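Colleague: Take this structure first; my questions come after.
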Amino acid sequence: MSTWFRILIFPGFAFLFIAALAFEWIDRRMIARFQGRIGPPWYQPLADLIKLLAKEDIVPEGTNKFAAAALPILSLTAVLTASLYVPVGGIKGASFEGDLIIVLFLLSLPALAYFLAGWVSSSIYSLLGGHRSLLQYFSYEVPFLMAVACPAILSDSWSITRIVSFQAQTAWHALMQPLAFVLALVGLIGKLKRDPLDIPKAKSEVVAGPLTDYSGRKLALWHLTMTMQTVLGIFLLVNLFFGESRFFNPMPALPIFGLKAAAILVALSTASALYARLRIDQLMDLGWRILAPLALLQMLVTLWIAN
Amino acid sequence: MRAALVQGVKALAYLLPDLLRALVQRPETGQFPFAPPQIPEGYRGRVQAHPERCRGCGLCVRDCPAFALELHRENRDTFRLVYYPARCAFCGQCEISCPFGVLYQTHTFVRGTEDLDRLTVRLVDRSASTTPEES
Amino acid sequence: MARTIVPIGPQHPLLKEPIAFQIVVEGEQVTDSTMRMGYVHRGIERLCQERTYIQNLYLLERVCGICSHVHAVTYCRGVESLLGLEVPLRATYLRALLCELERIHSHLLWLGMLARNIGLDTIFMYAWRDREIVLDIMEALSGGRVSHAINTIGGVRQDITPMQREVIWGQLDKLDQQVSRLLRVVEHERSLQARTRGVGHLSLEQVRRYCVVGPIARASGLDVDLRRDEPRPPYDRLNFDVVTHTAGDVWARTLVRMQETLVSVQLCREILRTMPDGPIAVSARRRVPPGEAISRSEAPRGELFYYIRSDGSDRPARVKIRTPTLPSLLSLQIQLKAITIADISVILSGVDLCIACADR
């Protein structure tokens, strides 16, 4: 497959776009069914996106116009670039030793851009939301990085493709290091700012957080960034913890990959429906008192096994 | 061991049985407007009249809390009872106040309209030359 | 971070009715707050003076959408005492049935709003789904889900048929089951407790000083309930418990309201079972002799107070309403201090604001 095809169509931008819409629909539909409702039809995420693109784009006075326009583009670019290195069902865009670090770095750029969006905005809600998003970042990022580093340590490689093929020879990392998987899942919830960790954009406290003043096309780009980040985060976790396996060998890789991703999405939706939102001080308490020590413990165990 | 597991699930995810139960049950929300709404017996909707029974006493006009009824009266045999559904509160007091059983409430909603004439309804139109008829 | 003022309202996703709070924060800590109300003031007390007593029945129902029936009942009771009427017993039972149903629906609505404001959307959906049972019962009984228009001066307008009684009995069983489940969730669900425990504490002395009424007062230990303290038919012949708690925080209020809902379901059953036969209304004169009357009721949010003065015509000279939300708003002054921003939504939900009631 030519490189351009891989970048633009599959597993690149077009596939990511369609996957983002599909995952958003599955998520909203699942949460609705959990709550006893029907949920939106399959074209709802696409309709929402088109509607947002068609709406008027207002930048209030006092907001830095250049930053307000540049930040969503920056985050979307970061997410799309990260998608190049995350393989889908074995098919990858590009890979080299160390691409896991690049992906993790690129996936943390949207968090920074989110905070900056709150900082440059003139609304008090945006400032509060940005403040909270930074506090949240410090609480989940350390356990998340440590948890995601564990499969890399065990596989003795920082390339996602090598980690996946390592699992083909041994077993899923989720089975070998279940604590790392759970911590990575919790960290992912924080990264994606989903309920119960949607503190920066808590609707009843800070209206919409840093994105309160965004509208129209810029908001559409932010929304697309968030949903694509969801897809990429899930794909990353599938690759790192549920990579290839000997038992599924004769079956086609892509649907199996899709099923695993859907399973993780279902777990995330269930978590959204189960819990109330945490307070920011409760999250920091949780992150530093429980998650980080557990991640450290898992890392020490992994290091000991690896030797 | 099993009890400890149940306790652990209860502590971490108390709502899980409810979520699973909601998954298998029929959703509570209705598919309006693709499915018809369920209107119960006795629903208080728009007001209608039996115009032949009306004597033009005006008790309904006096008791209407929303001033949705007006009686235009020239003499004992010529009068008009006008109803404004847009002002109506659908309380049914007019039905109770009328001693002759002229007014009654139907099950229909008052729909929004761009035609303002539809929001002024002549329930009773009586004049000396015409006999009482359905209007 | 420097001292900033966060405006909550008049429009905010947290509030279901407009009211303005200016909350002074430093970082995430709240230090002070001011409040401004009156955004939903419709001048209902003045409008009452220009309408007859019968027209006011329907106007006063619309003071609040959640506790509409109890406003009408309290007003009717005031006018009936001015007229010297004795309302038939069956009518009082029917009025009480709807009052209790309204209490159930109000508390379920409130639980949903609290859950939504702390991010637990699932409980919001479940509570409002169960509330639909109550609204369907009220629609079958009176013809309207929110504005019942079932009262008239001298009694009620519509009777309950035996078939409706059977249907409602079955629905009450289902309601009992669902509300019990919601109560257990409130008692055991950890994330809800983590958000509501210890938040918005009001001591008994503060409750007394600010004249707080209703479930908020009962959650701080004040044992006051007008249904028991001013017994009037049918409450003087029904057995029910008054639920109190001592913690005084939002979680205690949640527990009190949910347990009260269960008590109300039980009361509905007893009302249906022991309802006597008889007429449902006595006829009332249109002109009310001059005098003053005071009537109080236990609305879902606390004590509702009506003062009616008549001058001998068919229009009241003065109708004064004091709704239970007013002292709750005043008590927010002490609650919105030394908390974090995240607690604001919990506290504002916890006091069960009905601004339409407070502003009239």
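Residues in the structure tokens are named by chain (A, B, ... in the order shown) and by number from 1 within that chain; ligands are numbered from 1 in the order shown.
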Quick one: which residues from chain B are at most 10 Å off chain C, using only C-alpha atoms, as an MDAnalysis selection string?
Modeller: chainID B and resid 10:15 18:19 22 27:29 39:45 62:67 89:93 96 107
Colleague: Could the residues in this selection be saved with N, CA and C atoms as a CSV table (one decimal), in the first residue's frame?
Modeller:
chain,number,residue,atom,x,y,z
B,10,LYS,N,-20.1,-4.2,44.6
B,10,LYS,CA,-21.1,-3.3,45.1
B,10,LYS,C,-20.4,-1.9,45.5
B,11,ALA,N,-19.2,-2.0,46.1
B,11,ALA,CA,-18.6,-0.8,46.5
B,11,ALA,C,-18.1,0.0,45.3
B,12,LEU,N,-17.6,-0.7,44.3
B,12,LEU,CA,-17.0,0.0,43.2
B,12,LEU,C,-18.0,0.4,42.1
B,13,ALA,N,-19.0,-0.4,41.9
B,13,ALA,CA,-20.0,-0.1,40.8
B,13,ALA,C,-21.4,-0.5,41.3
B,14,TYR,N,-21.9,0.3,42.2
B,14,TYR,CA,-23.2,0.0,42.8
B,14,TYR,C,-24.4,-0.1,41.8
B,15,LEU,N,-24.3,0.8,40.7
B,15,LEU,CA,-25.4,0.9,39.8
B,15,LEU,C,-25.3,-0.2,38.7
B,18,ASP,N,-28.5,-2.1,37.8
B,18,ASP,CA,-29.5,-1.3,37.2
B,18,ASP,C,-29.2,-1.0,35.8
B,19,LEU,N,-27.9,-0.8,35.5
B,19,LEU,CA,-27.5,-0.5,34.1
B,19,LEU,C,-27.8,-1.7,33.2
B,22,ALA,N,-31.5,-2.1,32.7
B,22,ALA,CA,-32.0,-1.1,31.7
B,22,ALA,C,-31.7,-1.5,30.3
B,27,PRO,N,-36.9,0.6,26.3
B,27,PRO,CA,-36.6,2.0,26.7
B,27,PRO,C,-37.9,2.8,27.1
B,28,GLU,N,-37.8,3.7,28.0
B,28,GLU,CA,-39.0,4.4,28.5
B,28,GLU,C,-39.4,5.5,27.6
B,29,THR,N,-38.5,6.0,26.8
B,29,THR,CA,-38.9,7.2,26.0
B,29,THR,C,-39.7,6.7,24.8
B,39,ILE,N,-52.8,9.8,24.9
B,39,ILE,CA,-53.6,10.8,25.6
B,39,ILE,C,-54.6,10.1,26.4
B,40,PRO,N,-54.6,10.3,27.7
B,40,PRO,CA,-55.5,9.6,28.6
B,40,PRO,C,-56.9,10.1,28.5
B,41,GLU,N,-57.8,9.3,29.0
B,41,GLU,CA,-59.2,9.7,29.2
B,41,GLU,C,-59.3,10.9,30.1
B,42,GLY,N,-60.0,11.9,29.7
B,42,GLY,CA,-60.2,13.0,30.6
B,42,GLY,C,-59.1,14.1,30.5
B,43,TYR,N,-58.3,13.9,29.5
B,43,TYR,CA,-57.3,15.0,29.2
B,43,TYR,C,-58.0,16.3,28.9
B,44,ARG,N,-57.5,17.4,29.5
B,44,ARG,CA,-58.2,18.6,29.2
B,44,ARG,C,-57.6,19.4,28.1
B,45,GLY,N,-58.3,19.4,27.0
B,45,GLY,CA,-57.8,20.1,25.8
B,45,GLY,C,-58.6,21.3,25.4
B,62,ARG,N,-67.3,35.4,32.9
B,62,ARG,CA,-67.0,36.0,34.2
B,62,ARG,C,-66.0,35.1,34.9
B,63,ASP,N,-66.0,33.8,34.7
B,63,ASP,CA,-65.2,32.9,35.5
B,63,ASP,C,-63.9,32.5,34.8
B,64,CYS,N,-63.7,32.8,33.6
B,64,CYS,CA,-62.5,32.4,32.9
B,64,CYS,C,-61.3,33.1,33.4
B,65,PRO,N,-60.3,32.4,34.0
B,65,PRO,CA,-59.2,33.1,34.6
B,65,PRO,C,-58.2,33.7,33.6
B,66,ALA,N,-58.3,33.2,32.3
B,66,ALA,CA,-57.3,33.7,31.3
B,66,ALA,C,-58.0,34.7,30.4
B,67,PHE,N,-59.2,35.1,30.7
B,67,PHE,CA,-59.9,36.0,29.8
B,67,PHE,C,-59.9,35.5,28.3
B,89,ALA,N,-56.3,28.6,29.3
B,89,ALA,CA,-55.4,27.8,30.2
B,89,ALA,C,-55.8,26.4,30.4
B,90,PHE,N,-56.9,26.0,29.6
B,90,PHE,CA,-57.4,24.6,29.6
B,90,PHE,C,-57.7,24.1,31.0
B,91,CYS,N,-58.3,25.0,31.8
B,91,CYS,CA,-58.6,24.6,33.2
B,91,CYS,C,-60.0,24.0,33.3
B,92,GLY,N,-60.9,24.3,32.4
B,92,GLY,CA,-62.2,23.7,32.4
B,92,GLY,C,-63.2,24.4,33.3
B,93,GLN,N,-62.9,25.6,33.8
B,93,GLN,CA,-63.8,26.3,34.7
B,93,GLN,C,-65.1,26.7,33.9
B,96,ILE,N,-67.7,24.1,33.9
B,96,ILE,CA,-68.4,23.9,35.2
B,96,ILE,C,-69.3,25.1,35.4
B,107,HIS,N,-60.2,16.5,23.5
B,107,HIS,CA,-58.8,15.9,23.8
B,107,HIS,C,-57.8,16.6,22.9
Colleague: Between chain A and chain B, at 6 Å or less, what are the per-residue closest atom pairs and their distances in Å? Count only C-alpha atoms, order by chain and rising residue number, and return it as a Markdown table.
Modeller:
| residue | atom | partner | partner_atom | distance |
| --- | --- | --- | --- | --- |
| A:Arg33 | CA | B:Leu23 | CA | 5.5 |
| A:Phe34 | CA | B:Leu19 | CA | 4.8 |
| A:Gly36 | CA | B:Pro27 | CA | 4.7 |
| A:Arg37 | CA | B:Pro27 | CA | 4.9 |
| A:Ile38 | CA | B:Pro27 | CA | 5.8 |
| A:Leu274 | CA | B:Leu15 | CA | 5.9 |
Colleague: For chain A, which residues have at least one atom within 12 Å of chain C, if we go by only C-alpha atoms? Write them as a ChimeraX atom specification, please.
Modeller: /A:30-38,123-132,135,194-208,212,269-283
Colleague: Residues within 9 Å of C:Val207, please, as a list in words. Count only C-alpha atoms; anything in the same chain fewer than 5 positions from it doesn't count.
Modeller: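 Those residues are Leu202, Val212, Val213, Ile216, Ala217, Ser220, Leu222 and Ser331 of chain C.
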Colleague: Check stretch 83-294 of chain A with DSSP on the backbone and list each residue it calls alpha helix (DSSP H), as a PyMOL selection string.
Modeller: chain A and resi 83+99-120+124-155+160-169+173-176+178-191+203-206+216-241+253-274+280-285+292-294
Colleague: For the residues selected in the previous step, produce a file with C-alpha atoms as a compact mmCIF listing (two decimals), in the first residue's frame.
Modeller:
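Below you can see out.txt, which holds the result:
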# COMPACT_ATOMS: atom_id res chain seq x y z
CA SER A 83 -2.54 8.45 14.18
CA ASP A 99 7.24 5.72 18.19
CA LEU A 100 5.34 4.99 21.40
CA ILE A 101 7.01 7.98 23.02
CA ILE A 102 6.14 10.16 20.07
CA VAL A 103 2.51 9.07 20.23
CA LEU A 104 2.30 9.75 23.95
CA PHE A 105 3.84 13.16 23.49
CA LEU A 106 1.53 14.06 20.64
CA LEU A 107 -1.51 12.87 22.56
CA SER A 108 -0.67 15.13 25.45
CA LEU A 109 -0.52 18.23 23.25
CA PRO A 110 -4.31 18.58 23.08
CA ALA A 111 -4.40 18.77 26.88
CA LEU A 112 -1.99 21.69 26.80
CA ALA A 113 -3.93 23.34 24.00
CA TYR A 114 -7.14 22.87 26.02
CA PHE A 115 -5.62 24.68 28.95
CA LEU A 116 -4.35 27.47 26.71
CA ALA A 117 -7.78 27.81 25.15
CA GLY A 118 -9.08 28.55 28.61
CA TRP A 119 -6.22 30.90 29.36
CA VAL A 120 -6.63 33.12 26.29
CA ILE A 124 -14.24 33.43 33.75
CA TYR A 125 -15.63 29.95 33.17
CA SER A 126 -12.93 29.25 30.61
CA LEU A 127 -10.23 30.35 32.99
CA LEU A 128 -11.59 28.14 35.75
CA GLY A 129 -11.93 25.22 33.37
CA GLY A 130 -8.39 25.69 32.13
CA HIS A 131 -7.10 25.87 35.68
CA ARG A 132 -8.88 22.62 36.47
CA SER A 133 -7.73 20.90 33.32
CA LEU A 134 -4.13 21.52 34.24
CA LEU A 135 -4.68 20.17 37.77
CA GLN A 136 -6.36 17.14 36.26
CA TYR A 137 -3.51 16.67 33.83
CA PHE A 138 -1.04 16.45 36.67
CA SER A 139 -3.18 13.90 38.44
CA TYR A 140 -3.74 11.38 35.70
CA GLU A 141 -0.77 11.77 33.39
CA VAL A 142 1.88 10.29 35.67
CA PRO A 143 0.00 7.06 36.44
CA PHE A 144 -1.04 6.82 32.80
CA LEU A 145 2.50 7.15 31.47
CA MET A 146 3.85 4.69 33.99
CA ALA A 147 1.08 2.20 33.19
CA VAL A 148 1.65 2.53 29.47
CA ALA A 149 5.38 2.13 29.92
CA CYS A 150 4.94 -1.29 31.54
CA PRO A 151 4.13 -3.22 28.33
CA ALA A 152 7.05 -1.47 26.67
CA ILE A 153 9.39 -2.56 29.44
CA LEU A 154 8.18 -6.14 29.31
CA SER A 155 8.40 -6.25 25.52
CA ILE A 160 4.20 -0.18 19.18
CA THR A 161 4.51 -2.72 16.38
CA ARG A 162 7.14 -4.66 18.30
CA ILE A 163 4.98 -4.62 21.44
CA VAL A 164 2.10 -6.04 19.43
CA SER A 165 4.21 -8.80 17.92
CA PHE A 166 5.71 -9.57 21.33
CA GLN A 167 2.21 -10.35 22.55
CA ALA A 168 1.74 -12.70 19.63
CA GLN A 169 4.53 -14.83 21.05
CA HIS A 173 -0.28 -7.73 28.28
CA ALA A 174 -3.68 -7.23 29.85
CA LEU A 175 -3.38 -10.75 31.19
CA MET A 176 0.24 -10.48 32.17
CA PRO A 178 -3.71 -6.47 34.59
CA LEU A 179 -2.96 -3.66 37.02
CA ALA A 180 -1.27 -1.68 34.26
CA PHE A 181 -4.32 -2.13 32.07
CA VAL A 182 -6.71 -0.89 34.74
CA LEU A 183 -4.50 2.11 35.47
CA ALA A 184 -4.18 2.89 31.78
CA LEU A 185 -7.95 2.74 31.44
CA VAL A 186 -8.47 5.15 34.34
CA GLY A 187 -5.80 7.42 32.92
CA LEU A 188 -7.53 7.31 29.57
CA ILE A 189 -10.79 8.43 31.15
CA GLY A 190 -8.95 11.40 32.58
CA LYS A 191 -7.19 12.13 29.33
CA LYS A 203 -21.58 21.51 32.82
CA SER A 204 -23.10 22.41 36.13
CA GLU A 205 -20.03 24.16 37.47
CA VAL A 206 -18.10 25.81 34.70
CA GLY A 216 -19.04 27.30 14.80
CA ARG A 217 -16.07 25.89 12.93
CA LYS A 218 -13.56 26.20 15.76
CA LEU A 219 -15.84 24.26 18.07
CA ALA A 220 -16.31 21.68 15.33
CA LEU A 221 -12.53 21.23 15.17
CA TRP A 222 -12.30 20.88 18.95
CA HIS A 223 -15.11 18.36 18.95
CA LEU A 224 -13.43 16.41 16.18
CA THR A 225 -10.17 16.49 18.12
CA MET A 226 -11.86 15.08 21.19
CA THR A 227 -13.57 12.26 19.37
CA MET A 228 -10.49 11.37 17.35
CA GLN A 229 -8.47 11.40 20.54
CA THR A 230 -10.96 8.91 21.98
CA VAL A 231 -10.46 6.61 19.02
CA LEU A 232 -6.69 6.89 19.13
CA GLY A 233 -6.54 6.37 22.87
CA ILE A 234 -8.63 3.22 22.56
CA PHE A 235 -6.58 1.95 19.62
CA LEU A 236 -3.40 2.57 21.56
CA LEU A 237 -4.67 0.60 24.52
CA VAL A 238 -5.81 -2.24 22.29
CA ASN A 239 -2.39 -2.41 20.69
CA LEU A 240 -0.49 -2.25 23.93
CA PHE A 241 -2.62 -4.54 26.04
CA ALA A 253 -7.13 -9.22 12.01
CA LEU A 254 -9.19 -6.12 11.34
CA PRO A 255 -12.61 -7.23 12.69
CA ILE A 256 -10.92 -8.73 15.74
CA PHE A 257 -9.21 -5.42 16.34
CA GLY A 258 -12.56 -3.67 15.95
CA LEU A 259 -14.15 -5.97 18.49
CA LYS A 260 -11.44 -5.34 21.03
CA ALA A 261 -11.72 -1.60 20.52
CA ALA A 262 -15.50 -1.81 20.89
CA ALA A 263 -15.08 -3.77 24.11
CA ILE A 264 -12.88 -1.06 25.59
CA LEU A 265 -15.37 1.55 24.42
CA VAL A 266 -18.16 -0.33 26.17
CA ALA A 267 -16.06 -0.35 29.36
CA LEU A 268 -15.58 3.42 29.07
CA SER A 269 -19.29 4.01 28.48
CA THR A 270 -20.18 1.88 31.48
CA ALA A 271 -17.79 3.90 33.61
CA SER A 272 -19.47 7.06 32.36
CA ALA A 273 -22.87 5.83 33.39
CA LEU A 274 -21.80 4.45 36.75
CA ILE A 280 -10.81 18.19 41.60
CA ASP A 281 -9.29 17.75 45.03
CA GLN A 282 -10.74 14.24 45.19
CA LEU A 283 -9.15 13.49 41.83
CA MET A 284 -5.78 14.76 42.94
CA ASP A 285 -6.11 12.69 46.06
CA ALA A 292 0.60 6.66 41.26
CA PRO A 293 1.80 4.23 43.97
CA LEU A 294 -0.04 1.39 42.23
Colleague: When you draw a straight line from atom CA of A:Glu24 to atom CA of A:Pro87, how long is it in Å?
Modeller: 20.3 Å
Colleague: Please provide the set of residues having any atom within 9 Å of B:Glu70, restricted to only C-alpha atoms, with same-chain residues fewer than 3 positions apart removed, written as a PyMOL selection string.
Modeller: chain B and resi 58+60-61+67+80-84
Colleague: Would you kindly return, as an mmCIF file with C-alpha atoms, in the first residue's frame, each protein, DNA or RNA residue with an atom no farther than 10 Å from any atom of C:Val73, considering only C-alpha atoms and excluding same-chain residues fewer than 2 positions away?
Modeller:
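Below you can see selection_7.cif, which holds the result:
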data_model
loop_
_atom_site.group_PDB
_atom_site.id
_atom_site.type_symbol
_atom_site.label_atom_id
_atom_site.label_comp_id
_atom_site.auth_asym_id
_atom_site.auth_seq_id
_atom_site.Cartn_x
_atom_site.Cartn_y
_atom_site.Cartn_z
ATOM 1 C CA LEU C 57 -57.776 29.409 41.813
ATOM 2 C CA LEU C 60 -52.358 30.666 41.998
ATOM 3 C CA GLU C 61 -51.806 27.181 40.655
ATOM 4 C CA SER C 68 -48.992 23.787 41.946
ATOM 5 C CA HIS C 69 -51.643 21.711 43.690
ATOM 6 C CA VAL C 70 -50.614 22.610 47.209
ATOM 7 C CA HIS C 71 -50.807 26.320 46.379
ATOM 8 C CA TYR C 75 -55.709 29.112 48.919
ATOM 9 C CA CYS C 76 -58.973 27.183 48.865
ATOM 10 C CA ARG C 77 -58.670 26.411 52.526
ATOM 11 C CA GLY C 78 -58.172 30.101 53.308
ATOM 12 C CA VAL C 79 -61.198 31.156 51.278
ATOM 13 C CA THR C 92 -60.119 16.386 51.773
ATOM 14 C CA ARG C 95 -56.888 16.749 47.941
ATOM 15 C CA ALA C 96 -54.458 14.955 50.245
ATOM 16 C CA LEU C 98 -52.835 14.702 45.125
ATOM 17 C CA CYS C 99 -50.716 16.538 47.691
ATOM 18 C CA ILE C 150 -58.873 19.856 40.395
ATOM 19 C CA ASN C 151 -59.705 22.184 43.267
ATOM 20 C CA THR C 152 -62.733 24.345 43.586
ATOM 21 C CA ILE C 153 -63.824 26.482 46.464
ATOM 22 C CA GLY C 155 -64.086 20.807 47.480
ATOM 23 C CA VAL C 156 -62.740 19.143 44.382
ATOM 24 C CA SER C 295 -53.800 28.945 55.957
ATOM 25 C CA ARG C 296 -50.638 26.879 56.025
ATOM 26 C CA SER C 297 -49.738 23.621 54.311
#
Colleague: I'd like to know which residues of chain B are strand (DSSP E) (by DSSP, run on the backbone); could you write them as a VMD selection string?
Modeller: chain B and resid 47 to 49 69 to 75 78 to 83 103 to 105 121 to 126
Colleague: For those residues, write N, CA and C atoms to a file as a PDB file, in the first residue's frame.
Modeller:
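In the end it all went to part-v7.pdb:
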ATOM      1  N   VAL B  47     -61.420  23.872  24.026  1.00  0.00           N
ATOM      2  CA  VAL B  47     -62.826  24.009  24.406  1.00  0.00           C
ATOM      3  C   VAL B  47     -63.698  24.036  23.155  1.00  0.00           C
ATOM      4  N   GLN B  48     -64.814  23.309  23.213  1.00  0.00           N
ATOM      5  CA  GLN B  48     -65.807  23.350  22.127  1.00  0.00           C
ATOM      6  C   GLN B  48     -67.178  23.643  22.711  1.00  0.00           C
ATOM      7  N   ALA B  49     -68.139  23.879  21.852  1.00  0.00           N
ATOM      8  CA  ALA B  49     -69.451  24.297  22.353  1.00  0.00           C
ATOM      9  C   ALA B  49     -70.583  23.557  21.658  1.00  0.00           C
ATOM     10  N   LEU B  69     -62.558  34.021  26.916  1.00  0.00           N
ATOM     11  CA  LEU B  69     -63.909  34.020  26.354  1.00  0.00           C
ATOM     12  C   LEU B  69     -64.454  35.434  26.386  1.00  0.00           C
ATOM     13  N   GLU B  70     -65.148  35.815  25.329  1.00  0.00           N
ATOM     14  CA  GLU B  70     -65.760  37.148  25.288  1.00  0.00           C
ATOM     15  C   GLU B  70     -67.161  37.027  24.745  1.00  0.00           C
ATOM     16  N   LEU B  71     -68.064  37.796  25.326  1.00  0.00           N
ATOM     17  CA  LEU B  71     -69.446  37.773  24.854  1.00  0.00           C
ATOM     18  C   LEU B  71     -69.747  39.143  24.260  1.00  0.00           C
ATOM     19  N   HIS B  72     -70.072  39.159  22.961  1.00  0.00           N
ATOM     20  CA  HIS B  72     -70.468  40.420  22.327  1.00  0.00           C
ATOM     21  C   HIS B  72     -71.976  40.379  22.159  1.00  0.00           C
ATOM     22  N   ARG B  73     -72.674  41.246  22.838  1.00  0.00           N
ATOM     23  CA  ARG B  73     -74.117  41.109  22.952  1.00  0.00           C
ATOM     24  C   ARG B  73     -74.802  42.362  22.476  1.00  0.00           C
ATOM     25  N   GLU B  74     -75.724  42.246  21.516  1.00  0.00           N
ATOM     26  CA  GLU B  74     -76.495  43.420  21.131  1.00  0.00           C
ATOM     27  C   GLU B  74     -77.844  43.449  21.831  1.00  0.00           C
ATOM     28  N   ASN B  75     -78.551  42.351  21.774  1.00  0.00           N
ATOM     29  CA  ASN B  75     -79.785  42.281  22.560  1.00  0.00           C
ATOM     30  C   ASN B  75     -79.974  40.822  22.945  1.00  0.00           C
ATOM     31  N   THR B  78     -79.404  38.470  19.886  1.00  0.00           N
ATOM     32  CA  THR B  78     -78.242  38.614  19.005  1.00  0.00           C
ATOM     33  C   THR B  78     -76.991  38.716  19.862  1.00  0.00           C
ATOM     34  N   PHE B  79     -76.191  37.648  19.839  1.00  0.00           N
ATOM     35  CA  PHE B  79     -74.937  37.698  20.599  1.00  0.00           C
ATOM     36  C   PHE B  79     -73.939  36.734  19.988  1.00  0.00           C
ATOM     37  N   ARG B  80     -72.697  36.956  20.315  1.00  0.00           N
ATOM     38  CA  ARG B  80     -71.596  36.122  19.812  1.00  0.00           C
ATOM     39  C   ARG B  80     -70.711  35.753  20.979  1.00  0.00           C
ATOM     40  N   LEU B  81     -70.356  34.494  21.056  1.00  0.00           N
ATOM     41  CA  LEU B  81     -69.390  34.050  22.078  1.00  0.00           C
ATOM     42  C   LEU B  81     -68.088  33.737  21.358  1.00  0.00           C
ATOM     43  N   VAL B  82     -67.073  34.494  21.680  1.00  0.00           N
ATOM     44  CA  VAL B  82     -65.780  34.340  21.014  1.00  0.00           C
ATOM     45  C   VAL B  82     -64.792  33.690  21.982  1.00  0.00           C
ATOM     46  N   TYR B  83     -64.018  32.745  21.472  1.00  0.00           N
ATOM     47  CA  TYR B  83     -63.058  31.993  22.286  1.00  0.00           C
ATOM     48  C   TYR B  83     -61.670  32.187  21.694  1.00  0.00           C
ATOM     49  N   LEU B 103     -70.566  24.383  27.007  1.00  0.00           N
ATOM     50  CA  LEU B 103     -69.134  24.223  26.733  1.00  0.00           C
ATOM     51  C   LEU B 103     -68.628  22.893  27.249  1.00  0.00           C
ATOM     52  N   TYR B 104     -67.725  22.285  26.495  1.00  0.00           N
ATOM     53  CA  TYR B 104     -67.098  21.049  26.935  1.00  0.00           C
ATOM     54  C   TYR B 104     -65.666  21.029  26.411  1.00  0.00           C
ATOM     55  N   GLN B 105     -64.837  20.227  27.062  1.00  0.00           N
ATOM     56  CA  GLN B 105     -63.427  20.180  26.661  1.00  0.00           C
ATOM     57  C   GLN B 105     -63.164  18.927  25.843  1.00  0.00           C
ATOM     58  N   VAL B 121     -61.987  32.102  17.713  1.00  0.00           N
ATOM     59  CA  VAL B 121     -62.998  31.124  17.312  1.00  0.00           C
ATOM     60  C   VAL B 121     -64.355  31.611  17.774  1.00  0.00           C
ATOM     61  N   ARG B 122     -65.318  31.639  16.851  1.00  0.00           N
ATOM     62  CA  ARG B 122     -66.679  31.997  17.255  1.00  0.00           C
ATOM     63  C   ARG B 122     -67.390  30.727  17.662  1.00  0.00           C
ATOM     64  N   LEU B 123     -67.539  30.530  18.969  1.00  0.00           N
ATOM     65  CA  LEU B 123     -68.182  29.309  19.431  1.00  0.00           C
ATOM     66  C   LEU B 123     -69.696  29.381  19.219  1.00  0.00           C
ATOM     67  N   VAL B 124     -70.244  30.550  19.463  1.00  0.00           N
ATOM     68  CA  VAL B 124     -71.692  30.708  19.312  1.00  0.00           C
ATOM     69  C   VAL B 124     -71.940  31.981  18.527  1.00  0.00           C
ATOM     70  N   ASP B 125     -72.753  31.898  17.492  1.00  0.00           N
ATOM     71  CA  ASP B 125     -73.065  33.086  16.696  1.00  0.00           C
ATOM     72  C   ASP B 125     -74.574  33.138  16.509  1.00  0.00           C
ATOM     73  N   ARG B 126     -75.230  33.895  17.333  1.00  0.00           N
ATOM     74  CA  ARG B 126     -76.694  33.888  17.317  1.00  0.00           C
ATOM     75  C   ARG B 126     -77.199  35.242  16.886  1.00  0.00           C
TER      76      ARG B 126
END
